[in-house]
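Structure record follows, encoded as structure tokens.
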Amino acid sequence: MININKNTAVVFPGQGSQVVGMGADLYEKSSIAKDIFDEVDETLGRKLTDIVFSGSQDVLNKTENAQPAITATSLACFSVFKGKFKDFTPSVTAGHSLGEYTSLSASNALSVSDTIRLVSERGRLMQIACDKNPGGMVAIIGMEVDVVEEVCREAGAYPSNINSSQQVIISGDNDSLAIAVDLAKARGAKKAIKLSVGGAFHSILMEPARDSLMDFIESLNFSDPEIPLIGNVNAKPLENASQIKNELIEQLMSCVQWNDTIKYMSSNGLNDYIEFGPGKVLTGLIKRIDSNSSTMNIDSYESLNS
């Protein structure tokens with residue numbers, strides 16, 4: 001059982017966890033969640049909630065929709081939870097890839113509206129990069145990280161998410177990924193699963209988005225985080241606004257060090273985790289990385305009361 005008042009980390013999922021209908025019950029039953037979703041619609045100048053609550057999965061899966069939709073749902077879950085447990089203050093926050101942006105708002109480093117604007121612009125720029133440099137991502141399961149890195153070097157692919165010691169996501173153009181998959185299987189990988197994403201995220205193929213993202217980040221008003229925020233790139237705390245901005249730029253083309261992030265938190269006495277947002281991907285990964293951890297997932301109004 002998680003002690004939600006002491007030594008609790010809050011984590012937020014990334015792209016791929018989206019599903020039509022997520023957050024709809026929160027919107028209907030909680031004024032706090034409704035305010036979050038309404039603010040997102042107003043910020044974007046369009047009814048993203050129509051896509052999230054009752055649209056088609058194919059439309060929701062588009063990067064420009066999926067990223068702000070997951071962020072909005074995660075923030076709604078977190079905000080309603082804080083409304084219920086008013087004394088709750090997490091010891092630390094972290095997010096996986098896109099989820100790192102949700103952490104900006106959760107740590108009060110960026111307002112909800114600016115977080116949504118940033119996420120939306122990030123999604124737009126990443127789509128442009130995907131169109132210029134087509135590619136994809138593949139999950140390599142059951143292979144040591146150093147072997148996967150060796151395979152990537154030989155194939156011209158890139159490690160993009162080190163999710164655990166036995167799960168590494170790789171990115172690259174389609175030809176490089178095909179070579180990498182063949183090499184990985186030949187060297188004993190248990191599985192190689194192609195992911196349903198729009199491009200080669202967290203790799204050099206995202207470079208066309210870098211300068212414009214940097215300009216947009218500089219236009220926003222960041223604050224130093226009030227809750228310690230663990231960065232994806234170095235798996236260490238981001239202590240001020242300047243470090244956060246540098247992290248967001250570097251993260252675009254760098255590997256997400258999720259395995260090291262959880263190990264860092266565990267080594268600092270954190271073993272209780274709450275995942276806020278759709279799906280339970282991070283909950284599963286955390287249990288694999290830290291077998292002594294206690295985990296909870298908040299993804300609906302019902303889960304708040306279970």
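Chain labels run A, B, ... following the order of the structure tokens; each chain numbers its residues from 1, and ligands are numbered from 1 in the order shown.
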
Review point. Within 10 Å of A:Lys236, counting only C-alpha atoms, which residues qualify if same-chain residues fewer than 2 places away don't, as a PyMOL selection string?
Key: chain A and resi 228-234+238-239+257+260-261+264-265

Can you write out the residues you just picked, keeping N, CA and C atoms, as an mmCIF file, in the first residue's frame?
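Output below, filename selection.cif:
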```cif
data_model
loop_
_atom_site.group_PDB
_atom_site.id
_atom_site.type_symbol
_atom_site.label_atom_id
_atom_site.label_comp_id
_atom_site.auth_asym_id
_atom_site.auth_seq_id
_atom_site.Cartn_x
_atom_site.Cartn_y
_atom_site.Cartn_z
ATOM 1 N N PRO A 228 11.010 18.555 -7.154
ATOM 2 C CA PRO A 228 12.152 18.070 -7.937
ATOM 3 C C PRO A 228 11.705 17.278 -9.160
ATOM 4 N N LEU A 229 12.304 17.584 -10.300
ATOM 5 C CA LEU A 229 11.935 16.979 -11.576
ATOM 6 C C LEU A 229 13.156 16.241 -12.125
ATOM 7 N N ILE A 230 13.015 14.937 -12.351
ATOM 8 C CA ILE A 230 14.132 14.137 -12.864
ATOM 9 C C ILE A 230 14.102 14.142 -14.382
ATOM 10 N N GLY A 231 15.201 14.540 -15.005
ATOM 11 C CA GLY A 231 15.256 14.654 -16.454
ATOM 12 C C GLY A 231 15.460 13.329 -17.151
ATOM 13 N N ASN A 232 14.979 13.242 -18.373
ATOM 14 C CA ASN A 232 15.103 12.034 -19.184
ATOM 15 C C ASN A 232 16.525 11.758 -19.646
ATOM 16 N N VAL A 233 17.250 12.812 -19.973
ATOM 17 C CA VAL A 233 18.529 12.633 -20.658
ATOM 18 C C VAL A 233 19.619 12.135 -19.726
ATOM 19 N N ASN A 234 19.710 12.736 -18.523
ATOM 20 C CA ASN A 234 20.776 12.368 -17.592
ATOM 21 C C ASN A 234 20.272 11.655 -16.342
ATOM 22 N N LEU A 238 16.503 18.264 -12.341
ATOM 23 C CA LEU A 238 16.609 19.546 -13.035
ATOM 24 C C LEU A 238 16.238 20.609 -12.008
ATOM 25 N N GLU A 239 17.185 21.444 -11.630
ATOM 26 C CA GLU A 239 17.005 22.294 -10.457
ATOM 27 C C GLU A 239 16.527 23.704 -10.770
ATOM 28 N N GLN A 257 16.445 7.930 -20.689
ATOM 29 C CA GLN A 257 17.088 7.019 -19.736
ATOM 30 C C GLN A 257 16.110 6.666 -18.605
ATOM 31 N N ASP A 260 17.528 4.299 -15.750
ATOM 32 C CA ASP A 260 18.380 5.023 -14.800
ATOM 33 C C ASP A 260 17.572 5.990 -13.945
ATOM 34 N N THR A 261 16.486 6.535 -14.502
ATOM 35 C CA THR A 261 15.632 7.444 -13.738
ATOM 36 C C THR A 261 15.035 6.741 -12.528
ATOM 37 N N TYR A 264 17.712 5.884 -10.016
ATOM 38 C CA TYR A 264 18.116 7.063 -9.250
ATOM 39 C C TYR A 264 17.136 7.310 -8.109
ATOM 40 N N MET A 265 15.861 7.250 -8.416
ATOM 41 C CA MET A 265 14.859 7.491 -7.377
ATOM 42 C C MET A 265 14.905 6.417 -6.305
#
```

Practice item. Do a neighbour search on stretch 175-191 of chain A at 7 Å with only C-alpha atoms, toss out local chain neighbours closer than 5 positions, and write the hits as a PyMOL selection string. Key: chain A and resi 140-143+151-152+155-157

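Considering the residues A:Val80, A:Val10, A:Ala209, A:Met126 and counting only C-alpha atoms, A:Ser107 has its shortest atom-to-atom contact with A:Val10.
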
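The closest residue to A:Leu304, picked from A:Phe81, A:Tyr27, A:Phe201, A:Tyr101 and counting only C-alpha atoms, is A:Phe81.
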
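With atom CA of A:Lys29 on one side and atom CA of A:Lys82 on the other, the separation reads 15.3 Å.
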
Point to revise | Minimum-distance residue to A:Ala94, chosen among A:Val11, A:Met296, A:Ile32, A:Cys255 (using only C-alpha atoms) | key: A:Val11

Practice item. Find the spatial neighbours of stretch 112-120 of chain A, counting only C-alpha atoms, within a cut-off of 9 Å - ignore same-chain residues fewer than 6 positions away - and output them as a PyMOL selection string. Key: chain A and resi 36+39-40+42-44+63-65+67-68+71-72+75+98+101-102+104-106+213+216-217+220-221

**Study point:** DSSP alpha helix (DSSP H) residues within stretch 94-142 of chain A, listed as a PyMOL selection string
**Key:** chain A and resi 98-106+112-132

With C-alpha atoms retained, export the selected residues as a PDB file, in the first residue's frame.
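Once written, selection-v4.pdb looks like this:
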```pdb
ATOM      1  CA  LEU A  98       6.249  13.384 -23.659  1.00  0.00           C
ATOM      2  CA  GLY A  99       5.460  12.754 -19.987  1.00  0.00           C
ATOM      3  CA  GLU A 100       8.420  14.925 -19.043  1.00  0.00           C
ATOM      4  CA  TYR A 101       6.422  17.863 -20.376  1.00  0.00           C
ATOM      5  CA  THR A 102       3.490  16.949 -18.126  1.00  0.00           C
ATOM      6  CA  SER A 103       5.959  17.037 -15.240  1.00  0.00           C
ATOM      7  CA  LEU A 104       6.684  20.681 -16.043  1.00  0.00           C
ATOM      8  CA  SER A 105       3.165  21.631 -15.051  1.00  0.00           C
ATOM      9  CA  ALA A 106       3.015  19.181 -12.135  1.00  0.00           C
ATOM     10  CA  VAL A 112      -1.057  24.429 -17.795  1.00  0.00           C
ATOM     11  CA  SER A 113      -1.779  26.600 -20.837  1.00  0.00           C
ATOM     12  CA  ASP A 114       1.915  27.096 -21.675  1.00  0.00           C
ATOM     13  CA  THR A 115       2.560  23.381 -21.199  1.00  0.00           C
ATOM     14  CA  ILE A 116      -0.202  22.571 -23.685  1.00  0.00           C
ATOM     15  CA  ARG A 117       1.044  25.189 -26.126  1.00  0.00           C
ATOM     16  CA  LEU A 118       4.554  23.751 -25.879  1.00  0.00           C
ATOM     17  CA  VAL A 119       3.393  20.158 -26.278  1.00  0.00           C
ATOM     18  CA  SER A 120       1.253  21.096 -29.261  1.00  0.00           C
ATOM     19  CA  GLU A 121       4.126  22.930 -30.949  1.00  0.00           C
ATOM     20  CA  ARG A 122       6.495  20.060 -30.178  1.00  0.00           C
ATOM     21  CA  GLY A 123       4.073  17.652 -31.836  1.00  0.00           C
ATOM     22  CA  ARG A 124       3.732  19.874 -34.886  1.00  0.00           C
ATOM     23  CA  LEU A 125       7.493  20.271 -35.300  1.00  0.00           C
ATOM     24  CA  MET A 126       8.124  16.573 -34.756  1.00  0.00           C
ATOM     25  CA  GLN A 127       5.613  15.774 -37.492  1.00  0.00           C
ATOM     26  CA  ILE A 128       7.524  18.068 -39.859  1.00  0.00           C
ATOM     27  CA  ALA A 129      10.743  16.254 -38.944  1.00  0.00           C
ATOM     28  CA  CYS A 130       9.039  12.903 -39.520  1.00  0.00           C
ATOM     29  CA  ASP A 131       7.933  14.024 -42.980  1.00  0.00           C
ATOM     30  CA  LYS A 132      11.463  15.171 -43.854  1.00  0.00           C
TER      31      LYS A 132
END
```

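Considering the residues A:Val256, A:Met22, A:Met214, A:Val59 and counting only C-alpha atoms, A:Ser74 has its shortest atom-to-atom contact with A:Met22.
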
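You will find atom CA of A:Asp299 at 16.0 Å from atom CA of A:Thr49.
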
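Remark: for A:Glu275, the closest of the candidate residues A:Gly198, A:Gly95, A:Gly16, A:Pro134 is A:Gly95 (distances computed over only C-alpha atoms).
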
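Checking A:Ala76, A:Val52, A:Ile286, A:Ala69 one by one against A:Tyr301, counting only C-alpha atoms, you find the shortest gap at A:Ala76.
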